[in-house]
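Q: Contents are compact mmCIF, C-alpha atoms; file name entry-v9.txt:
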# COMPACT_ATOMS: atom_id res chain seq x y z
CA MET A 1 11.41 2.23 -17.63
CA GLY A 2 14.56 4.07 -16.66
CA ASN A 3 12.60 7.30 -16.24
CA ILE A 4 10.59 5.91 -13.30
CA ASN A 5 13.33 4.17 -11.35
CA ASP A 6 17.00 4.49 -10.47
CA LEU A 7 18.12 1.27 -12.14
CA ASP A 8 21.00 1.47 -14.60
CA LEU A 9 19.55 -0.62 -17.40
CA LYS A 10 22.67 -0.18 -19.51
CA ASN A 11 24.29 -2.52 -16.99
CA TRP A 12 21.26 -4.77 -16.56
CA LYS A 13 23.40 -7.87 -16.09
CA ASP A 14 24.64 -6.42 -12.80
CA LEU A 15 21.11 -6.05 -11.40
CA THR A 16 21.13 -9.49 -9.82
CA ASN A 17 19.29 -8.25 -6.72
CA ILE A 18 16.23 -7.28 -8.79
CA TRP A 19 13.73 -10.09 -9.24
CA THR A 20 12.13 -10.49 -12.67
CA ASP A 21 10.57 -13.96 -12.30
CA SER A 22 6.88 -14.34 -11.50
CA LEU A 23 7.50 -16.74 -8.60
CA TRP A 24 8.92 -15.18 -5.42
CA ILE A 25 10.21 -17.58 -2.78
CA ILE A 26 11.03 -15.58 0.35
CA GLU A 27 12.45 -17.79 3.08
CA LYS A 28 12.23 -15.31 5.94
CA ARG A 29 10.59 -11.96 6.59
CA ASP A 30 12.99 -9.06 7.14
CA ASN A 31 12.52 -8.27 10.84
CA SER A 32 15.41 -5.85 11.15
CA GLY A 33 15.03 -2.57 13.02
CA ALA A 34 11.60 -0.99 12.77
CA HIS A 35 10.31 -3.92 10.71
CA ASN A 36 10.21 -6.04 13.85
CA ALA A 37 6.45 -5.85 14.47
CA HIS A 38 4.04 -8.50 15.75
CA TYR A 39 0.89 -7.46 13.93
CA HIS A 40 -1.56 -9.81 12.21
CA GLY A 41 -1.60 -7.87 8.96
CA ASN A 42 2.06 -7.02 8.48
CA PHE A 43 3.51 -8.27 5.24
CA VAL A 44 6.96 -9.02 3.91
CA PRO A 45 9.17 -5.91 3.51
CA GLN A 46 11.02 -7.60 0.64
CA ILE A 47 7.85 -7.23 -1.45
CA VAL A 48 7.89 -3.48 -0.93
CA HIS A 49 11.60 -3.31 -1.65
CA GLN A 50 11.28 -5.10 -4.98
CA LEU A 51 8.27 -3.09 -6.11
CA LEU A 52 9.77 0.26 -5.19
CA SER A 53 13.06 -0.68 -6.85
CA ARG A 54 11.26 -1.36 -10.13
CA TYR A 55 8.58 1.32 -10.16
CA THR A 56 9.92 4.33 -8.20
CA LYS A 57 13.02 6.40 -7.76
CA ALA A 58 14.49 8.36 -4.85
CA GLY A 59 12.30 11.30 -3.89
CA ASP A 60 9.07 9.81 -5.27
CA PHE A 61 5.91 9.64 -3.16
CA VAL A 62 4.43 6.26 -2.24
CA LEU A 63 0.90 5.85 -0.83
CA ASP A 64 -0.33 2.94 1.29
CA PRO A 65 -4.12 3.11 1.93
CA PHE A 66 -3.95 0.12 4.34
CA ALA A 67 -0.88 1.25 6.25
CA GLY A 68 -1.24 -1.12 9.21
CA SER A 69 2.04 -1.65 11.04
CA GLY A 70 3.91 0.59 8.60
CA THR A 71 5.85 -1.93 6.51
CA THR A 72 5.56 0.15 3.34
CA LEU A 73 6.57 3.38 5.04
CA ILE A 74 9.54 1.85 6.84
CA GLU A 75 10.93 0.32 3.66
CA ALA A 76 10.22 3.41 1.54
CA GLN A 77 12.01 5.56 4.08
CA ARG A 78 15.06 3.28 3.97
CA MET A 79 15.07 3.61 0.18
CA ASN A 80 14.85 7.43 0.24
CA ARG A 81 11.27 7.46 -1.02
CA ASN A 82 8.65 9.69 0.60
CA SER A 83 5.63 7.77 1.88
CA ILE A 84 2.13 8.43 3.12
CA GLY A 85 -0.03 5.91 4.95
CA ILE A 86 -3.73 5.90 5.76
CA GLU A 87 -4.80 3.68 8.66
CA LEU A 88 -8.28 3.22 10.11
CA GLN A 89 -7.25 2.01 13.58
CA GLU A 90 -5.81 4.73 15.75
CA ASN A 91 -3.97 2.41 18.15
CA VAL A 92 -2.29 0.56 15.28
CA ALA A 93 -1.32 3.81 13.56
CA VAL A 94 0.12 5.39 16.71
CA GLU A 95 2.30 2.36 17.43
CA ALA A 96 3.44 2.18 13.79
CA ILE A 97 4.32 5.87 13.67
CA LYS A 98 6.65 5.43 16.64
CA ARG A 99 8.56 2.65 14.91
CA ILE A 100 8.62 4.42 11.56
CA HIS A 101 10.06 7.54 13.16
CA SER A 102 12.68 5.50 15.00
CA GLU A 103 14.42 5.28 11.61
CA ARG A 104 13.60 8.81 10.49
CA LYS A 105 15.76 10.21 7.68
CA ASP A 106 16.37 13.92 7.22
CA GLY A 107 14.56 15.27 4.19
CA ILE A 108 12.39 12.14 3.76
CA ILE A 109 8.67 12.25 4.54
CA ALA A 110 7.00 9.28 6.25
CA ASP A 111 3.59 10.27 7.62
CA THR A 112 0.38 8.43 8.49
CA PHE A 113 -3.17 9.78 8.53
CA ILE A 114 -5.66 8.11 10.87
CA ASP A 115 -8.69 7.97 8.62
CA ASN A 116 -10.88 5.86 6.34
CA SER A 117 -9.31 5.35 2.92
CA LYS A 118 -12.74 5.07 1.31
CA PHE A 119 -13.57 8.68 2.09
CA PHE A 120 -10.29 10.39 2.99
CA ASP A 121 -9.80 13.65 1.08
CA THR A 122 -6.67 12.68 -0.85
CA ALA A 123 -6.30 16.26 -2.09
CA ARG A 124 -5.04 17.03 1.42
CA ILE A 125 -1.92 15.00 0.66
CA LEU A 126 -1.19 17.03 -2.46
CA GLU A 127 -1.78 20.33 -0.67
CA LEU A 128 0.17 19.46 2.46
CA TYR A 129 3.29 18.23 0.67
CA HIS A 130 3.07 20.59 -2.32
CA ILE A 131 2.98 17.81 -4.90
CA GLU A 132 0.81 17.16 -7.95
CA ASN A 133 0.56 13.38 -7.64
CA VAL A 134 1.93 10.31 -5.92
CA GLN A 135 4.06 7.94 -8.00
CA PHE A 136 3.12 4.53 -6.59
CA ILE A 137 0.37 2.94 -4.50
CA ILE A 138 0.52 -0.36 -2.63
CA PHE A 139 -2.82 -1.92 -1.70
CA HIS A 140 -2.60 -4.62 0.97
CA PRO A 141 -6.19 -4.99 2.18
CA PRO A 142 -7.51 -7.48 4.74
CA TYR A 143 -8.17 -10.88 3.22
CA TRP A 144 -11.84 -10.25 3.93
CA ASP A 145 -12.76 -11.86 7.28
CA ILE A 146 -9.87 -14.31 7.75
CA VAL A 147 -8.65 -12.01 10.54
CA LYS A 148 -10.96 -9.49 12.22
CA PHE A 149 -8.73 -6.47 12.71
CA SER A 150 -11.15 -4.30 14.69
CA GLU A 151 -14.77 -3.79 15.70
CA ASN A 152 -15.10 -0.82 13.35
CA GLU A 153 -17.88 -1.38 10.82
CA GLU A 154 -15.81 0.46 8.20
CA ASP A 155 -13.00 -2.08 8.53
CA LEU A 156 -12.97 -4.23 5.36
CA SER A 157 -12.46 -7.32 7.53
CA ASN A 158 -15.96 -6.71 8.93
CA SER A 159 -17.66 -6.77 5.52
CA LYS A 160 -20.74 -8.95 5.92
CA THR A 161 -20.67 -10.45 2.43
CA LEU A 162 -18.18 -10.97 -0.36
CA GLU A 163 -20.04 -8.40 -2.44
CA GLU A 164 -19.71 -5.85 0.35
CA PHE A 165 -15.99 -6.55 0.70
CA ILE A 166 -15.43 -6.09 -3.03
CA GLU A 167 -17.43 -2.85 -3.09
CA ASN A 168 -15.54 -1.49 -0.07
CA PHE A 169 -12.24 -2.33 -1.76
CA ARG A 170 -13.44 -0.65 -4.94
CA GLN A 171 -14.21 2.55 -3.03
CA VAL A 172 -10.69 2.64 -1.60
CA VAL A 173 -9.17 2.06 -5.03
CA ARG A 174 -11.33 4.65 -6.74
CA ASN A 175 -10.67 7.26 -4.06
CA THR A 176 -6.89 6.87 -3.97
CA LEU A 177 -6.22 6.35 -7.68
CA LYS A 178 -7.30 9.94 -8.23
CA ILE A 179 -3.88 11.14 -7.07
CA LEU A 180 -1.73 8.49 -8.80
CA GLU A 181 0.30 10.02 -11.60
CA LYS A 182 -0.61 8.86 -15.10
CA LYS A 183 1.60 6.17 -16.61
CA ARG A 184 2.77 5.17 -13.14
CA TYR A 185 2.19 1.91 -11.32
CA CYS A 186 0.39 0.41 -8.35
CA ALA A 187 0.21 -3.06 -6.83
CA VAL A 188 -2.23 -5.24 -4.90
CA VAL A 189 -0.98 -7.83 -2.40
CA ILE A 190 -3.79 -10.28 -1.64
CA GLY A 191 -4.53 -13.93 -0.95
CA ASP A 192 -7.57 -16.20 -1.22
CA LYS A 193 -9.62 -17.92 1.46
CA TYR A 194 -11.76 -20.98 2.06
CA ALA A 195 -15.42 -20.81 3.10
CA LYS A 196 -17.85 -23.71 3.32
CA SER A 197 -15.30 -26.09 1.79
CA ARG A 198 -14.80 -24.03 -1.33
CA ILE A 199 -12.28 -21.44 -2.49
CA VAL A 200 -13.22 -17.77 -2.41
CA PRO A 201 -10.78 -16.25 -4.95
CA LEU A 202 -10.44 -12.83 -3.32
CA SER A 203 -7.29 -12.14 -5.29
CA PHE A 204 -8.97 -12.43 -8.65
CA TYR A 205 -12.00 -10.44 -7.57
CA CYS A 206 -9.64 -7.64 -6.50
CA MET A 207 -7.70 -7.93 -9.74
CA GLN A 208 -10.97 -7.55 -11.64
CA VAL A 209 -11.84 -4.42 -9.64
CA MET A 210 -8.54 -2.84 -10.65
CA GLN A 211 -9.15 -3.62 -14.31
CA GLN A 212 -12.70 -2.30 -14.11
CA GLU A 213 -11.29 0.94 -12.75
CA GLY A 214 -9.30 1.37 -15.95
CA LEU A 215 -5.90 -0.02 -14.95
CA THR A 216 -3.77 -2.26 -17.14
CA LEU A 217 -2.56 -5.51 -15.60
CA LYS A 218 1.22 -5.72 -16.07
CA ALA A 219 2.26 -8.62 -13.85
CA THR A 220 0.88 -11.51 -11.82
CA ILE A 221 3.37 -12.68 -9.18
CA VAL A 222 2.93 -15.70 -6.94
CA LYS A 223 4.62 -15.45 -3.54
CA ASN A 224 5.04 -18.25 -1.03
CA PHE A 225 4.09 -18.07 2.60
CA GLU A 226 4.44 -20.54 5.41
CA GLU A 227 2.82 -20.55 8.83
CA THR A 228 0.56 -17.61 9.59
CA LYS A 229 -0.66 -16.45 12.99
CA GLY A 230 -4.14 -17.66 12.10
CA LYS A 231 -2.81 -21.17 11.48
CA ALA A 232 -0.05 -21.27 14.06
CA ASN A 233 0.28 -24.72 15.65
CA GLN A 234 -2.69 -25.97 13.61
CA GLN A 235 -0.84 -27.72 10.78
CA ALA A 236 -2.32 -31.13 11.64
CA LEU A 237 -5.86 -29.74 11.82
CA TRP A 238 -5.54 -27.99 8.45
CA ARG A 239 -4.08 -31.14 6.89
CA GLN A 240 -7.04 -33.16 8.20
CA ARG A 241 -9.50 -30.59 6.79
CA ALA A 242 -7.73 -30.63 3.43
CA LEU A 243 -7.92 -34.42 3.20
CA GLN A 244 -11.54 -34.56 4.30
CA ASN A 245 -12.78 -31.84 1.97
CA GLY A 246 -10.69 -32.37 -1.17
CA LEU A 247 -8.82 -29.10 -0.60
CA TYR A 248 -5.21 -27.95 -0.59
CA ILE A 249 -3.61 -25.79 2.11
CA PHE A 250 -2.78 -22.32 0.85
CA LYS A 251 0.96 -21.74 0.61
CA HIS A 252 0.84 -18.76 -1.71
CA GLU A 253 -0.61 -15.31 -2.25
CA TYR A 254 -0.60 -12.92 -5.18
CA ILE A 255 1.00 -9.63 -6.11
CA PHE A 256 -0.69 -7.91 -9.04
CA VAL A 257 1.03 -4.95 -10.70
CA PHE A 258 -0.99 -2.41 -12.69
CA LYS A 259 -0.29 0.67 -14.78
CA LYS A 260 -2.48 3.77 -14.88
CA GLY A 261 -3.06 4.91 -18.45
CA LYS A 262 -1.26 3.82 -21.58
Go ahead and render the structure in this file as C-alpha cells.

A:
Amino acid sequence: MGNINDLDLKNWKDLTNIWTDSLWIIEKRDNSGAHNAHYHGNFVPQIVHQLLSRYTKAGDFVLDPFAGSGTTLIEAQRMNRNSIGIELQENVAVEAIKRIHSERKDGIIADTFIDNSKFFDTARILELYHIENVQFIIFHPPYWDIVKFSENEEDLSNSKTLEEFIENFRQVVRNTLKILEKKRYCAVVIGDKYAKSRIVPLSFYCMQVMQQEGLTLKATIVKNFEETKGKANQQALWRQRALQNGLYIFKHEYIFVFKKGK
C-alpha cells in the first residue's frame, strides 16, 4: 500500500502512531484550534487522521459529502491533503468555512460547496481543480433521526422511514463514488439506534449499501464513544430504559473501510 500513502513500510516497526487493531478506544476528542466546534454532528478528528494516514498521501484530494462542521477538511488540511466538502445547511457551512480557513495552508485546497450531495454535479470538482479523480471519501451521515439537523426535507435526518433513509444514503454514495479513483478507498462512520425497544442496525444497512454499489469491504472497526449531546445528563434515564426493556446502552459506533475495484 506504499503507493497510496506516505508511510515508510520498510520501517514498519517505527509506525507506532498508526493503529492497526479493529478496536479504537479514543479517550478524548481533539478540540485543538479549528477543531473546537460545538456542533451535534461533529465527529472525532483522530478518526480522520488515522484513515488519511493509511489511505492517502500528501497532495491527494479527499471528499466529504456530509461536511458538517468541517472536521474532515480541518484535519486533511493539517496533513497537507486537499479536501472538498459538500454541506446542505448554509449556516453550518459558512461557520465551518471560517474555522477551516483560520488554519489555511498555502498551496492546500480546503473548500466547501453548499449543496445536496444526492444531486450535486461532482464533475464540477474535477473541472474546478483540474483533477481526474479524488483519492478518498469519508461518509459520516446523520444517524437517521436521532438528531434532527434541519427542517430541510432533503436532510437525511428527516427521512420518514428507514427505507427512505437508506435510499437517500444510497443516492449520495452512488453520486459521489463516480469521482473516486479506482483501487482507492472510502470509509463510512455510522452508529445504530433504538426505536420501539429494538435495535435499528443503521451501520449494517449502510455497509450493505456500499457492497451493493460494488465496493469491497476491507475493514470493520469498532470505536468507543461516551456521553453524547443527545444523552447529556440523562445517564440514569437511559440506564432505567435499558433495564426495563432488556437493552444495552450504546457505547460504540462503526467505521467501515471499502475499496473501489479490485

Q: Can you pull out the residues contacting segment 222-224 of chain A? Cut-off 6 Å, using only C-alpha atoms, and skip same-chain residues under 3 positions away; I want them as a ChimeraX atom specification.

A: /A:23-25,251-254

Q: Residues of the last selection are to be written out with C-alpha atoms, as a CSV table (one decimal), in the coordinates of the input.

A:
chain,number,residue,atom,x,y,z
A,23,LEU,CA,7.5,-16.7,-8.6
A,24,TRP,CA,8.9,-15.2,-5.4
A,25,ILE,CA,10.2,-17.6,-2.8
A,251,LYS,CA,1.0,-21.7,0.6
A,252,HIS,CA,0.8,-18.8,-1.7
A,253,GLU,CA,-0.6,-15.3,-2.2
A,254,TYR,CA,-0.6,-12.9,-5.2

Q: Work out how far atom CA of Phe169 of chain A is from atom CA of His101 of chain A, in Å to one decimal.

A: 28.6 Å

Q: I'd like the contact shell of Val94 of chain A - 12 Å cut-off, all atoms listed in the file, skipping same-chain residues fewer than 3 positions apart - returned as a list in words.

A: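 Neighbouring residues, sequence-local ones excluded: Ala67, Gly68, Ser69, Gly70, Gly85, Ile86, Glu87, Leu88, Gln89, Glu90, Asn91, Ile97, Lys98, Arg99, Ile100, His101, Asp111, Thr112, Phe113 and Ile114 of chain A.
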
Q: Quick one: distance from atom CA of Thr71 of chain A to atom CA of Leu180 of chain A in Å, one decimal?

A: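 Distance reported for this atom pair: 20.0 Å.
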
Q: Give as a list in words the set of residues within 8 Å of the point (16.4, -9.2, -4.9), where distances use the file's coordinates and all atoms listed in the file.

A: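 I get Thr16, Asn17, Ile18, Trp19, Gln46 and Gln50 of chain A for the residues within 8 Å of that point.
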
Q: Using only C-alpha atoms - which residues lie no farther than 12 Å from the point (12.6, 9.0, -17.8) in the file's frame? Write them as a ChimeraX atom specification.

A: /A:1-9,55-57,183-184

Q: Closest to Arg174 of chain A among A:Val209, A:Ala187, A:Val200, A:Ala93, using all atoms listed in the file?

A: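 Result for the nearest residue to Arg174 of chain A: A:Val209.
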
Q: Excluding Arg29 of chain A and residues on its chain fewer than 3 positions from it, collect all residues at most 10 Å away from it, counting only C-alpha atoms, and give them as a ChimeraX atom specification.

A: /A:26,32,35-36,43-47,225

Q: Please produce a file of those selected residues containing C-alpha atoms, as an mmCIF file, in the coordinates of the input.

A:
data_model
loop_
_atom_site.group_PDB
_atom_site.id
_atom_site.type_symbol
_atom_site.label_atom_id
_atom_site.label_comp_id
_atom_site.auth_asym_id
_atom_site.auth_seq_id
_atom_site.Cartn_x
_atom_site.Cartn_y
_atom_site.Cartn_z
ATOM 1 C CA ILE A 26 11.030 -15.580 0.350
ATOM 2 C CA SER A 32 15.410 -5.850 11.150
ATOM 3 C CA HIS A 35 10.310 -3.920 10.710
ATOM 4 C CA ASN A 36 10.210 -6.040 13.850
ATOM 5 C CA PHE A 43 3.510 -8.270 5.240
ATOM 6 C CA VAL A 44 6.960 -9.020 3.910
ATOM 7 C CA PRO A 45 9.170 -5.910 3.510
ATOM 8 C CA GLN A 46 11.020 -7.600 0.640
ATOM 9 C CA ILE A 47 7.850 -7.230 -1.450
ATOM 10 C CA PHE A 225 4.090 -18.070 2.600
#

Q: What is the distance, in Å and to one decimal place, between atom CA of Asp30 of chain A and atom CA of Phe136 of chain A?

A: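 Here the two named atoms are 21.7 Å from each other.
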
Q: Using all atoms listed in the file, find the one residue out of A:Leu128, A:Arg239, A:Lys182, A:Arg104 that sits nearest to Gly214 of chain A.

A: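 Going through A:Leu128, A:Arg239, A:Lys182, A:Arg104 one by one, the smallest distance to Gly214 of chain A is for A:Lys182.
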
Q: Using only C-alpha atoms, pick whichever of A:Leu52, A:His140, A:Val147, A:Thr220 has the shortest atom-to-atom distance to Tyr185 of chain A.

A: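 Ranking A:Leu52, A:His140, A:Val147, A:Thr220 by distance to Tyr185 of chain A, first place goes to A:Leu52.
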
Q: Counting all atoms listed in the file, which residue out of A:Phe149, A:Lys260, A:Ala242, A:Leu126 sits closest to Val92 of chain A?

A: A:Phe149

Q: Using only C-alpha atoms, which of the listed residues (A:Ser159, A:Thr20, A:Glu153, A:Gln212) sits closest to Arg54 of chain A?

A: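 Closest residue, counting only C-alpha atoms: A:Thr20.
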
Q: If we count all atoms listed in the file, what is near Arg170 of chain A at a cut-off of 9 Å, once residues fewer than 4 positions away on the same chain are taken out, given as a PyMOL selection string?

A: chain A and resi 118+165-166+174-175+206+209-210+213

Q: Using only C-alpha atoms, determine which residues lie at most 9 Å from Met79 of chain A, disregarding the query and same-chain residues fewer than 2 positions distant; provide the list as a PyMOL selection string.

A: chain A and resi 49+52-53+57-58+74-77+81-82

Q: For Leu156 of chain A, which residue out of A:Ile137, A:Ile131, A:Ser117, A:Val188 is the nearest one, using only C-alpha atoms?

A: A:Ser117

Q: Please write out, as lines of an AutoDock Vina configuration file, where the centre of an axis-aligned box around all listed atoms of segment 159-174 of chain A lies and how long its edges are, in Å to one decimal, after adding 3 Å on each side.

A:
center_x = -15.0
center_y = -3.2
center_z = -0.4
size_x = 17.6
size_y = 21.6
size_z = 18.7

Q: Rebuild segment 62-73 of chain A so that it carries all heavy atoms, then output the result as an mmCIF file, in the frame of the given file.

A:
data_model
loop_
_atom_site.group_PDB
_atom_site.id
_atom_site.type_symbol
_atom_site.label_atom_id
_atom_site.label_comp_id
_atom_site.auth_asym_id
_atom_site.auth_seq_id
_atom_site.Cartn_x
_atom_site.Cartn_y
_atom_site.Cartn_z
ATOM 1 N N VAL A 62 5.104 7.556 -2.258
ATOM 2 C CA VAL A 62 4.430 6.260 -2.240
ATOM 3 C C VAL A 62 3.250 6.355 -1.267
ATOM 4 O O VAL A 62 3.385 6.883 -0.161
ATOM 5 C CB VAL A 62 5.391 5.149 -1.779
ATOM 6 C CG1 VAL A 62 4.673 3.812 -1.702
ATOM 7 C CG2 VAL A 62 6.606 5.083 -2.697
ATOM 8 N N LEU A 63 2.100 5.832 -1.672
ATOM 9 C CA LEU A 63 0.900 5.850 -0.830
ATOM 10 C C LEU A 63 0.504 4.428 -0.466
ATOM 11 O O LEU A 63 0.482 3.541 -1.318
ATOM 12 C CB LEU A 63 -0.247 6.536 -1.577
ATOM 13 C CG LEU A 63 -1.615 6.537 -0.876
ATOM 14 C CD1 LEU A 63 -1.570 7.343 0.413
ATOM 15 C CD2 LEU A 63 -2.693 7.082 -1.823
ATOM 16 N N ASP A 64 0.179 4.220 0.817
ATOM 17 C CA ASP A 64 -0.330 2.940 1.290
ATOM 18 C C ASP A 64 -1.670 3.182 1.986
ATOM 19 O O ASP A 64 -1.708 3.657 3.122
ATOM 20 C CB ASP A 64 0.656 2.287 2.254
ATOM 21 C CG ASP A 64 0.228 0.876 2.655
ATOM 22 O OD1 ASP A 64 -0.957 0.544 2.487
ATOM 23 O OD2 ASP A 64 1.086 0.109 3.132
ATOM 24 N N PRO A 65 -2.802 2.859 1.335
ATOM 25 C CA PRO A 65 -4.120 3.110 1.930
ATOM 26 C C PRO A 65 -4.502 2.145 3.047
ATOM 27 O O PRO A 65 -5.528 2.355 3.706
ATOM 28 C CB PRO A 65 -5.071 2.949 0.735
ATOM 29 C CG PRO A 65 -4.213 3.009 -0.480
ATOM 30 C CD PRO A 65 -2.906 2.417 -0.055
ATOM 31 N N PHE A 66 -3.735 1.068 3.236
ATOM 32 C CA PHE A 66 -3.950 0.120 4.340
ATOM 33 C C PHE A 66 -2.638 0.034 5.112
ATOM 34 O O PHE A 66 -1.994 -1.019 5.157
ATOM 35 C CB PHE A 66 -4.348 -1.247 3.793
ATOM 36 C CG PHE A 66 -5.613 -1.249 2.965
ATOM 37 C CD1 PHE A 66 -5.555 -1.195 1.574
ATOM 38 C CD2 PHE A 66 -6.864 -1.304 3.570
ATOM 39 C CE1 PHE A 66 -6.705 -1.206 0.806
ATOM 40 C CE2 PHE A 66 -8.030 -1.315 2.803
ATOM 41 C CZ PHE A 66 -7.950 -1.257 1.417
ATOM 42 N N ALA A 67 -2.245 1.111 5.733
ATOM 43 C CA ALA A 67 -0.880 1.250 6.250
ATOM 44 C C ALA A 67 -0.527 0.252 7.341
ATOM 45 O O ALA A 67 0.625 -0.178 7.454
ATOM 46 C CB ALA A 67 -0.644 2.676 6.756
ATOM 47 N N GLY A 68 -1.490 -0.115 8.184
ATOM 48 C CA GLY A 68 -1.240 -1.120 9.210
ATOM 49 C C GLY A 68 -0.029 -0.827 10.063
ATOM 50 O O GLY A 68 0.125 0.279 10.610
ATOM 51 N N SER A 69 0.872 -1.795 10.171
ATOM 52 C CA SER A 69 2.040 -1.650 11.040
ATOM 53 C C SER A 69 3.158 -0.832 10.416
ATOM 54 O O SER A 69 4.208 -0.665 11.021
ATOM 55 C CB SER A 69 2.577 -3.040 11.409
ATOM 56 O OG SER A 69 2.998 -3.738 10.240
ATOM 57 N N GLY A 70 2.945 -0.348 9.186
ATOM 58 C CA GLY A 70 3.910 0.590 8.600
ATOM 59 C C GLY A 70 4.992 -0.019 7.739
ATOM 60 O O GLY A 70 5.984 0.652 7.429
ATOM 61 N N THR A 71 4.813 -1.255 7.304
ATOM 62 C CA THR A 71 5.850 -1.930 6.510
ATOM 63 C C THR A 71 6.249 -1.102 5.290
ATOM 64 O O THR A 71 7.438 -0.911 5.012
ATOM 65 C CB THR A 71 5.361 -3.316 6.058
ATOM 66 O OG1 THR A 71 5.110 -4.120 7.202
ATOM 67 C CG2 THR A 71 6.398 -3.993 5.182
ATOM 68 N N THR A 72 5.258 -0.624 4.549
ATOM 69 C CA THR A 72 5.560 0.150 3.340
ATOM 70 C C THR A 72 6.343 1.399 3.666
ATOM 71 O O THR A 72 7.336 1.736 2.994
ATOM 72 C CB THR A 72 4.258 0.520 2.606
ATOM 73 O OG1 THR A 72 3.606 -0.676 2.166
ATOM 74 C CG2 THR A 72 4.538 1.420 1.408
ATOM 75 N N LEU A 73 5.925 2.107 4.702
ATOM 76 C CA LEU A 73 6.570 3.380 5.040
ATOM 77 C C LEU A 73 7.991 3.176 5.540
ATOM 78 O O LEU A 73 8.889 3.964 5.213
ATOM 79 C CB LEU A 73 5.736 4.137 6.074
ATOM 80 C CG LEU A 73 4.532 4.917 5.522
ATOM 81 C CD1 LEU A 73 3.432 3.969 5.058
ATOM 82 C CD2 LEU A 73 3.992 5.903 6.548
#
